[in-house]
$ cat run-v6.txt   # compact mmCIF, C-alpha atoms
# COMPACT_ATOMS: atom_id res chain seq x y z
CA MET A 1 36.72 -13.90 27.09
CA VAL A 2 33.56 -12.32 25.65
CA PHE A 3 31.34 -14.87 23.97
CA VAL A 4 29.81 -13.80 20.65
CA PRO A 5 27.17 -16.17 19.19
CA SER A 6 28.35 -17.36 15.81
CA ILE A 7 26.39 -16.93 12.62
CA ALA A 8 26.67 -20.66 12.12
CA ALA A 9 24.98 -21.31 15.44
CA THR A 10 22.21 -18.89 14.59
CA LEU A 11 21.62 -20.50 11.23
CA ALA A 12 21.63 -23.92 12.81
CA ALA A 13 18.87 -22.80 15.14
CA ALA A 14 16.91 -21.45 12.20
CA LEU A 15 17.17 -24.76 10.38
CA SER A 16 15.34 -26.41 13.25
CA LEU A 17 12.31 -24.19 12.66
CA THR A 18 9.16 -25.78 11.37
CA PRO A 19 6.94 -23.96 8.89
CA VAL A 20 4.27 -21.72 10.37
CA LEU A 21 0.84 -21.67 8.78
CA VAL A 22 -0.36 -18.26 7.61
CA LEU A 23 -4.12 -17.78 7.83
CA GLY A 24 -4.58 -14.97 5.28
CA HIS A 25 -5.08 -17.30 2.31
CA PRO A 26 -5.40 -21.08 2.14
CA GLY A 27 -2.19 -23.00 1.60
CA GLU A 28 0.24 -20.26 2.61
CA GLN A 29 3.27 -21.20 4.71
CA TYR A 30 6.39 -19.56 6.06
CA GLY A 31 9.45 -21.79 6.02
CA LYS A 32 13.21 -22.18 6.59
CA ARG A 33 14.41 -20.34 3.50
CA GLU A 34 12.55 -17.19 4.53
CA ALA A 35 13.82 -17.33 8.12
CA LEU A 36 17.40 -17.54 6.90
CA GLU A 37 16.95 -14.63 4.52
CA GLU A 38 15.50 -12.46 7.27
CA MET A 39 18.38 -13.03 9.65
CA GLY A 40 20.87 -12.29 6.92
CA ASN A 41 19.18 -9.08 5.77
CA ALA A 42 17.47 -7.42 8.73
CA HIS A 43 20.57 -5.39 9.58
CA VAL A 44 20.75 -4.15 5.99
CA VAL A 45 17.29 -2.64 6.28
CA ALA A 46 18.13 -0.90 9.56
CA THR A 47 21.34 0.50 8.09
CA MET A 48 19.57 1.76 4.97
CA ASN A 49 16.91 3.50 7.05
CA ALA A 50 19.53 5.18 9.23
CA ARG A 51 21.52 6.41 6.22
CA ALA A 52 18.41 7.62 4.43
CA LEU A 53 17.25 9.61 7.44
CA GLU A 54 20.64 11.21 7.86
CA ALA A 55 21.00 12.08 4.17
CA CYS A 56 17.48 13.43 3.72
CA GLN A 57 16.80 15.28 6.91
CA ASN A 58 17.93 18.74 5.89
CA ALA A 59 18.55 18.49 2.16
CA PRO A 60 17.18 21.58 0.33
CA ALA A 61 15.83 19.40 -2.49
CA VAL A 62 13.86 17.30 0.00
CA LYS A 63 12.40 20.39 1.65
CA ALA A 64 11.41 21.75 -1.77
CA ARG A 65 9.84 18.43 -2.74
CA LYS A 66 7.77 18.39 0.44
CA GLU A 67 6.59 21.94 -0.19
CA ARG A 68 5.51 20.93 -3.71
CA ALA A 69 3.74 17.89 -2.30
CA MET A 70 1.74 19.95 0.21
CA ALA A 71 0.75 22.46 -2.47
CA ARG A 72 -0.20 19.65 -4.87
CA ARG A 73 -2.35 17.88 -2.27
CA LEU A 74 -4.12 21.10 -1.36
CA GLU A 75 -4.86 21.70 -5.06
CA THR A 76 -6.10 18.10 -5.47
CA PHE A 77 -8.32 18.42 -2.40
CA GLN A 78 -9.89 21.62 -3.70
CA LYS A 79 -10.39 20.14 -7.16
CA LEU A 80 -12.07 16.99 -5.81
CA ARG A 81 -14.40 19.11 -3.66
CA ARG A 82 -15.35 21.29 -6.63
CA GLU A 83 -16.16 18.18 -8.67
CA ARG A 84 -18.48 17.00 -5.89
CA SER A 85 -19.95 20.46 -5.16
CA THR A 86 -18.80 20.17 -1.54
CA GLU A 87 -16.57 23.26 -1.40
CA ASN A 88 -18.40 24.71 1.59
CA ALA A 89 -18.96 21.47 3.48
CA PRO A 90 -17.04 20.66 6.70
CA TRP A 91 -14.40 17.98 6.53
CA LEU A 92 -12.47 15.57 8.72
CA HIS A 93 -8.71 15.20 8.71
CA ARG A 94 -6.09 12.83 10.09
CA ARG A 95 -3.75 13.24 13.05
CA ASP A 96 -5.32 14.11 16.29
CA ALA A 97 3.84 -6.15 17.68
CA GLU A 98 5.43 -2.61 18.98
CA SER A 99 5.83 -0.58 15.82
CA LEU A 100 2.34 -1.35 14.57
CA GLU A 101 0.75 -0.55 17.93
CA LYS A 102 2.63 2.75 17.97
CA TRP A 103 1.04 3.82 14.71
CA ALA A 104 -2.29 2.03 15.23
CA SER A 105 -2.83 3.92 18.49
CA GLN A 106 -2.89 7.20 16.56
CA SER A 107 -5.87 8.51 14.71
CA HIS A 108 -5.16 9.11 11.05
CA ASP A 109 -7.94 11.54 10.22
CA LYS A 110 -6.00 14.45 11.85
CA THR A 111 -9.13 14.49 13.60
CA GLY A 112 -12.12 16.67 14.20
CA ALA A 113 -14.71 18.64 12.25
CA TYR A 114 -13.40 21.87 10.73
CA ASP A 115 -14.63 24.58 8.43
CA PHE A 116 -12.09 24.77 5.64
CA ASP A 117 -10.67 28.27 5.30
CA LYS A 118 -7.53 29.92 3.97
CA SER A 119 -6.08 30.37 7.45
CA THR A 120 -5.63 26.61 7.97
CA PRO A 121 -1.91 25.88 7.41
CA SER A 122 -1.62 23.40 4.55
CA LYS A 123 1.50 21.85 6.10
CA GLU A 124 -0.58 20.74 9.08
CA ILE A 125 -3.10 19.08 6.80
CA PHE A 126 -1.23 17.83 3.77
CA GLY A 127 2.13 16.79 5.22
CA SER A 128 3.28 13.24 4.55
CA ASN A 129 3.16 10.28 6.91
CA THR A 130 6.85 9.48 6.35
CA SER A 131 10.23 10.95 5.67
CA CYS A 132 12.80 9.40 3.35
CA VAL A 133 12.89 5.91 4.87
CA LEU A 134 12.56 2.50 3.30
CA THR A 135 8.94 1.38 3.23
CA PRO A 136 8.74 -2.21 4.48
CA ASP A 137 7.91 -4.76 1.81
CA ASN A 138 5.03 -7.08 2.54
CA ALA A 139 3.64 -10.39 1.32
CA ASN A 140 2.09 -10.01 -2.11
CA GLY A 141 -0.91 -12.28 -1.62
CA PRO A 142 -2.31 -14.67 -4.22
CA TYR A 143 -4.39 -12.25 -6.32
CA PHE A 144 -1.83 -10.25 -8.32
CA VAL A 145 -2.81 -10.03 -12.01
CA TYR A 146 -0.05 -9.42 -14.56
CA GLN A 147 -0.36 -6.92 -17.44
CA GLU A 148 -3.32 -5.02 -16.07
CA HIS A 149 -4.68 -1.84 -17.68
CA ILE A 150 -2.70 1.39 -17.46
CA ARG A 151 -5.37 3.71 -16.10
CA SER A 152 -6.09 5.95 -13.13
CA ASP A 153 -9.83 5.31 -12.66
CA VAL A 154 -10.31 1.68 -11.62
CA VAL A 155 -13.83 1.84 -10.13
CA GLU A 156 -15.88 0.49 -13.08
CA GLY A 157 -19.09 1.37 -11.26
CA VAL A 158 -18.33 -0.86 -8.24
CA PRO A 159 -20.31 0.46 -5.23
CA GLY A 160 -18.43 1.76 -2.22
CA ILE A 161 -17.01 4.86 -0.56
CA PRO A 162 -15.08 6.82 -3.24
CA LEU A 163 -11.35 7.00 -2.55
CA HIS A 164 -8.84 9.17 -4.40
CA LEU A 165 -5.37 7.77 -3.73
CA GLU A 166 -2.19 9.82 -4.22
CA LEU A 167 1.13 8.03 -3.76
CA GLN A 168 4.62 9.54 -3.96
CA PHE A 169 7.61 7.22 -4.33
CA ILE A 170 11.11 8.23 -3.23
CA ASP A 171 14.32 6.36 -4.02
CA VAL A 172 15.99 5.93 -0.62
CA GLN A 173 19.42 5.62 -2.26
CA THR A 174 19.24 9.19 -3.60
CA CYS A 175 16.40 10.82 -1.60
CA GLU A 176 15.02 11.91 -4.97
CA PRO A 177 11.72 10.98 -6.61
CA ALA A 178 11.70 7.47 -8.04
CA VAL A 179 11.04 8.11 -11.74
CA GLY A 180 10.55 5.72 -14.65
CA ILE A 181 8.56 3.19 -12.63
CA LEU A 182 5.03 1.80 -12.95
CA ILE A 183 2.79 1.49 -9.90
CA ASP A 184 0.32 -1.39 -9.75
CA THR A 185 -2.56 -1.30 -7.27
CA TRP A 186 -5.51 -3.54 -6.49
CA SER A 187 -8.00 -4.32 -3.74
CA CYS A 188 -11.11 -6.36 -3.06
CA ASN A 189 -14.61 -4.90 -3.36
CA ALA A 190 -16.89 -3.96 -0.47
CA THR A 191 -17.82 -7.58 0.19
CA GLY A 192 -14.32 -9.04 -0.08
CA ALA A 193 -14.09 -10.29 -3.69
CA TYR A 194 -11.14 -9.64 -6.04
CA SER A 195 -11.45 -9.24 -9.79
CA GLY A 196 -9.28 -10.96 -12.39
CA VAL A 197 -8.78 -14.33 -10.69
CA SER A 198 -10.55 -17.68 -10.93
CA ALA A 199 -10.40 -18.68 -7.25
CA PRO A 200 -13.78 -19.64 -5.76
CA GLY A 201 -15.75 -16.65 -4.48
CA GLU A 202 -13.72 -14.10 -6.49
CA GLY A 203 -14.82 -12.03 -9.48
CA GLY A 204 -13.50 -14.30 -12.23
CA LEU A 205 -10.94 -14.00 -15.02
CA GLY A 206 -13.17 -11.76 -17.13
CA THR A 207 -13.34 -8.95 -14.54
CA THR A 208 -10.93 -6.04 -14.01
CA TYR A 209 -12.55 -3.83 -11.37
CA LEU A 210 -10.41 -2.06 -8.73
CA ARG A 211 -7.17 -2.85 -10.57
CA GLY A 212 -4.90 -0.47 -12.44
CA VAL A 213 -1.36 0.59 -13.29
CA GLN A 214 0.07 4.10 -13.64
CA PRO A 215 3.50 5.55 -14.48
CA VAL A 216 4.85 8.02 -11.93
CA ASP A 217 5.41 11.63 -12.93
CA GLU A 218 8.62 13.65 -12.50
CA ASP A 219 7.95 13.91 -8.75
CA GLY A 220 7.39 10.16 -8.39
CA VAL A 221 3.63 10.66 -7.99
CA VAL A 222 0.67 8.56 -9.14
CA ASN A 223 -3.06 9.04 -8.61
CA PHE A 224 -5.84 6.45 -8.62
CA ASP A 225 -9.60 6.71 -8.21
CA THR A 226 -10.93 3.61 -6.48
CA ILE A 227 -13.17 2.75 -3.51
CA PHE A 228 -12.41 2.07 0.13
CA PRO A 229 -11.63 -1.67 0.20
CA GLY A 230 -13.73 -4.24 1.98
CA HIS A 231 -12.37 -7.20 3.94
CA TYR A 232 -12.23 -10.97 3.69
CA GLN A 233 -11.40 -13.95 5.89
CA GLY A 234 -8.41 -13.39 8.18
CA ARG A 235 -7.38 -10.03 6.71
CA ALA A 236 -7.76 -6.45 7.79
CA THR A 237 -8.79 -3.88 5.17
CA HIS A 238 -5.80 -3.20 2.89
CA GLN A 239 -4.70 -1.86 -0.48
CA HIS A 240 -2.01 -3.70 -2.47
CA LEU A 241 0.89 -1.91 -4.18
CA ILE A 242 3.68 -3.04 -6.50
CA ALA A 243 6.42 -0.94 -8.09
CA HIS A 244 7.67 -2.18 -11.47
CA VAL A 245 11.09 -1.05 -12.73
CA GLY A 246 12.07 -1.36 -16.39
CA SER A 247 8.62 -2.30 -17.70
CA GLU A 248 7.48 -1.50 -21.23
CA THR A 249 4.07 -0.01 -21.99
CA LEU A 250 2.20 -1.73 -24.81
CA PRO A 251 -0.08 -0.33 -27.55
CA ASN A 252 -3.08 -2.13 -26.01
CA GLY A 253 -2.84 -0.02 -22.84
CA THR A 254 -1.09 -2.58 -20.67
CA TYR A 255 2.57 -3.29 -19.81
CA THR A 256 5.09 -6.10 -19.93
CA GLY A 257 8.48 -7.04 -18.52
CA GLY A 258 10.59 -5.31 -15.91
CA ARG A 259 11.09 -6.43 -12.32
CA VAL A 260 9.33 -5.88 -9.01
CA ALA A 261 11.33 -3.48 -6.82
CA HIS A 262 8.73 -3.03 -4.12
CA LEU A 263 5.54 -4.72 -2.89
CA SER A 264 3.51 -3.56 0.08
CA GLN A 265 0.07 -3.02 1.56
CA LEU A 266 -1.57 0.10 2.95
CA PHE A 267 -3.80 -0.22 6.02
CA PHE A 268 -6.45 2.10 7.42
CA ASP A 269 -7.42 3.47 10.83
CA GLN A 270 -9.57 1.05 12.80
CA ALA A 271 -12.09 3.78 13.65
CA LEU A 272 -12.46 4.69 9.98
CA ARG A 273 -12.83 1.01 9.06
CA ASP A 274 -15.46 0.41 11.72
CA THR A 275 -17.51 3.39 10.55
CA ILE A 276 -17.40 2.40 6.88
CA GLU A 277 -18.09 -1.28 7.60
CA ALA A 278 -21.41 -0.22 9.15
CA MET A 279 -22.45 1.49 5.90
CA GLU A 280 -23.90 0.05 2.70
CA PRO A 281 -22.76 -2.00 0.84
CA TYR A 282 -20.02 -2.96 3.32
CA ASN A 283 -22.56 -4.04 5.93
CA THR A 284 -23.78 -6.80 3.60
CA ASN A 285 -20.43 -8.58 3.93
CA GLN A 286 -21.03 -11.69 6.03
CA ILE A 287 -17.32 -12.51 6.47
CA PRO A 288 -16.07 -11.96 10.04
CA ASP A 289 -13.99 -8.81 10.41
CA THR A 290 -10.29 -8.95 11.36
CA THR A 291 -8.83 -5.99 13.25
CA ASN A 292 -5.59 -4.31 12.27
CA LEU A 293 -3.82 -5.78 15.27
CA GLY A 294 -5.31 -9.21 14.57
CA ASP A 295 -4.02 -9.41 10.99
CA TRP A 296 -0.91 -11.54 10.49
CA PHE A 297 0.49 -9.18 7.84
CA THR A 298 0.05 -5.76 9.46
CA GLY A 299 3.14 -6.32 11.59
CA TYR A 300 5.20 -6.64 8.42
CA ALA A 301 4.01 -3.19 7.32
CA ALA A 302 5.37 -1.05 10.17
CA THR A 303 8.76 -0.13 11.57
CA PRO A 304 9.71 2.40 14.28
CA ASP A 305 10.29 4.90 11.44
CA TYR A 306 7.54 3.99 8.99
CA ASP A 307 3.81 4.53 9.51
CA PRO A 308 1.77 2.11 7.32
CA PHE A 309 -1.48 4.04 7.81
CA PRO A 310 -1.87 6.73 5.13
CA ASN A 311 -3.17 10.22 5.76
CA TYR A 312 -6.72 10.98 4.71
CA ILE A 313 -9.27 13.75 4.60
CA THR A 314 -12.97 13.58 3.83
CA LEU A 315 -14.12 15.53 0.80
CA GLY A 316 -17.32 16.71 2.43
CA GLY A 317 -19.38 16.46 5.57
CA ALA A 318 -20.20 12.79 4.99
CA LEU A 319 -18.10 9.76 4.12
CA GLU A 320 -20.31 9.22 1.08
CA ASP A 321 -18.68 12.35 -0.39
CA GLY A 322 -15.45 10.38 -0.59
CA LEU A 323 -11.94 10.31 0.83
CA PHE A 324 -8.67 11.81 -0.34
CA VAL A 325 -5.89 9.48 0.83
CA TRP A 326 -2.16 10.04 0.41
CA ALA A 327 1.15 8.51 1.42
CA GLU A 328 4.85 8.81 0.69
CA LEU A 329 6.78 5.57 0.23
CA GLY A 330 10.53 5.00 0.08
CA LEU A 331 11.85 2.19 -2.08
CA ASN A 332 15.17 0.90 -3.36
CA THR A 333 14.83 0.92 -7.15
CA SER A 334 17.72 -1.55 -7.51
CA SER A 335 15.83 -4.26 -5.59
CA ASN A 336 14.47 -7.32 -7.34
CA TRP A 337 11.64 -9.09 -5.52
CA ASP A 338 10.24 -11.04 -8.49
CA TYR A 339 10.52 -14.25 -6.46
CA TYR A 340 7.98 -12.89 -3.97
CA ALA A 341 5.54 -11.58 -6.59
CA PRO A 342 4.31 -14.41 -8.82
CA TYR A 343 1.05 -13.61 -10.57
CA ALA A 344 -2.11 -15.65 -10.28
CA SER A 345 -3.30 -14.75 -13.77
CA THR A 346 -2.62 -12.54 -16.79
CA TRP A 347 -5.10 -10.12 -18.30
CA LYS A 348 -5.88 -10.27 -22.00
CA GLU A 349 -8.59 -8.93 -24.28
CA GLY A 350 -11.78 -10.90 -23.74
CA GLY A 351 -10.67 -12.38 -20.42
CA GLY A 352 -7.56 -13.39 -18.54
CA TYR A 353 -5.96 -16.78 -18.07
CA ASP A 354 -4.53 -18.56 -15.05
CA ASN A 355 -0.80 -18.87 -14.45
CA PRO A 356 -0.11 -22.64 -14.51
CA ASP A 357 3.14 -22.13 -12.57
CA PHE A 358 1.61 -20.09 -9.73
CA ASP A 359 2.91 -21.20 -6.32
CA PHE A 360 1.19 -20.19 -3.07
CA MET A 361 4.45 -20.65 -1.16
CA HIS A 362 6.01 -17.65 -2.89
CA VAL A 363 3.25 -15.22 -1.86
CA ALA A 364 2.83 -16.34 1.74
CA PHE A 365 5.74 -14.34 3.11
CA PRO A 366 7.39 -10.98 2.42
CA PRO A 367 10.92 -10.14 1.28
CA PRO A 368 13.48 -9.73 4.09
CA THR A 369 12.90 -5.96 3.98
CA HIS A 370 9.61 -6.29 5.86
CA GLY A 371 8.82 -4.53 9.13
$ encode --input "run-v6.txt" --output "structure tokens"
Amino acid sequence: MVFVPSIAATLAAALSLTPVLVLGHPGEQYGKREALEEMGNAHVVATMNARALEACQNAPAVKARKERAMARRLETFQKLRRERSTENAPWLHRRDAESLEKWASQSHDKTGAYDFDKSTPSKEIFGSNTSCVLTPDNANGPYFVYQEHIRSDVVEGVPGIPLHLELQFIDVQTCEPAVGILIDTWSCNATGAYSGVSAPGEGGLGTTYLRGVQPVDEDGVVNFDTIFPGHYQGRATHQHLIAHVGSETLPNGTYTGGRVAHLSQLFFDQALRDTIEAMEPYNTNQIPDTTNLGDWFTGYAATPDYDPFPNYITLGGALEDGLFVWAELGLNTSSNWDYYAPYASTWKEGGGYDNPDFDFMHVAFPPPTHG
């Protein structure tokens, strides 16, 4: 007789687990409920990825979408260089736990110094870092602010390396652009402080820097102007993302309602991070640095099919000229991860206010669709 371990036995083993402390933010824990959910859902994620890859691989609409994306990114790159008067400057480009190490071992600046000319194939430069696969969800962290401003420029004069971020969202159920959604993004400043929250050492409820929300266009694309994020205790440099489905835009330039269908974090090449961290104002940050491989949450961000490090290209011969960063993310628009995305505070005119029901336990771990 062939012995097959029963689900009951597996669950019984899980129930003996003790919570594991997560070091990214004080008070975060990972417990029994999350372990059970993972075991019950991990196979669903693998199946969805396999089906998405099969359905999308040779679809004419997908090929056309990718061609549009490459042309759009080339146009954006040229526009950003014109705005900075760096059209003739050289530039650097990308591409020269097991899944994370696979992607982390690759350079994401496609690398080397080049003179931009019309003979450089745009598909080699502006291709995406993914195909139509489910982007792993990640822990949301404790600094999500609800009802932030709908805007594309979130800098507010905060010093740092300029970063233009283009994100394209694909519905993995259809392999078509995910339309009708709002994308929420936020990050800390160069010295590790977040705006919009009252926690000690952060920017405070009256601040809104490096936070914004944008609706996607007909190709599922959003653009943000921000800065390269800094770092803080126990975390590698990262950029937060949330996808809201069914939200309503308000006359005051914010949003309300809907549900969270995706939450994740983008990470950046270690070599790029190390270079920027040595520059002002990043080098004034006294908090010890955490590498990509040393961050608890980076492992959640990668799978064998999904690369959590976005593509990038410098906009001139120096990093001070800025970065153009882009990524393609697959999400399931029917998902509901509200449980994992409680907000620390809500923005309002004249200053935000804390969420009295905020619970650290809900932000310490990701949905079962993590990497």
$ closest_residue --input "run-v6.txt" --among "A:Gly299, A:Gly141, A:Gly294, A:Pro308" --to "A:Gly330" --atoms "only C-alpha atoms"
A:Pro308
$ residues_around --input "run-v6.txt" --residues "A:Asp321" --least-positions-apart "5" --cutoff "9 Å" --atoms "all atoms listed in the file" --output "PDB file with C-alpha atoms, in the coordinates of the input"
ATOM      1  CA  ARG A  81     -14.400  19.110  -3.660  1.00  0.00           C
ATOM      2  CA  ARG A  84     -18.480  17.000  -5.890  1.00  0.00           C
ATOM      3  CA  THR A  86     -18.800  20.170  -1.540  1.00  0.00           C
ATOM      4  CA  ILE A 161     -17.010   4.860  -0.560  1.00  0.00           C
ATOM      5  CA  PRO A 162     -15.080   6.820  -3.240  1.00  0.00           C
ATOM      6  CA  THR A 314     -12.970  13.580   3.830  1.00  0.00           C
ATOM      7  CA  LEU A 315     -14.120  15.530   0.800  1.00  0.00           C
ATOM      8  CA  GLY A 316     -17.320  16.710   2.430  1.00  0.00           C
TER       9      GLY A 316
END
$ closest_residue --input "run-v6.txt" --among "A:Pro177, A:Pro142, A:Pro288, A:Gly351" --to "A:Ala61" --atoms "all atoms listed in the file"
A:Pro177
$ closest_residue --input "run-v6.txt" --among "A:Pro342, A:Ala236, A:Val222, A:Thr333" --to "A:Thr174" --atoms "only C-alpha atoms"
A:Thr333
$ closest_residue --input "run-v6.txt" --among "A:Ile313, A:Ile242, A:Ala139, A:Ala261" --to "A:Trp91" --atoms "only C-alpha atoms"
A:Ile313
$ atom_distance --input "run-v6.txt" --atom1 "atom CA of A:Tyr339" --atom2 "atom CA of A:Asn252"
26.7 Å
$ closest_residue --input "run-v6.txt" --among "A:Glu75, A:Glu277, A:Asp307, A:Glu176" --to "A:Lys63" --atoms "only C-alpha atoms"
A:Glu176
$ closest_residue --input "run-v6.txt" --among "A:Glu349, A:Gln239, A:Val325, A:Asp219" --to "A:Thr254" --atoms "only C-alpha atoms"
A:Glu349
$ axis_aligned_box --input "run-v6.txt" --around "stretch 178-195 of chain A" --padding-each-side "6 Å" --output "AutoDock Vina command-line options"
--center_x -3.1 --center_y -1.1 --center_z -7.2 --size_x 41.5 --size_y 30.4 --size_z 26.8
$ residues_around --input "run-v6.txt" --residues "A:Phe365" --least-positions-apart "2" --cutoff "7 Å" --atoms "only C-alpha atoms" --output "PyMOL selection string"
chain A and resi 30+139+362-363+367
$ atom_distance --input "run-v6.txt" --atom1 "atom CA of A:Ala243" --atom2 "atom CA of A:Leu331"
8.7 Å
$ atom_distance --input "run-v6.txt" --atom1 "atom CA of A:Val155" --atom2 "atom CA of A:Asn138"
24.4 Å
$ residues_around --input "run-v6.txt" --residues "A:Ser247" --least-positions-apart "5" --cutoff "8 Å" --atoms "only C-alpha atoms" --output "PyMOL selection string"
chain A and resi 181-182+255-259
$ residues_around --input "run-v6.txt" --residues "A:Gly204" --least-positions-apart "5" --cutoff "12 Å" --atoms "only C-alpha atoms" --output "VMD selection string"
chain A and resid 143 145 193 to 199 209 344 to 347 351 to 354
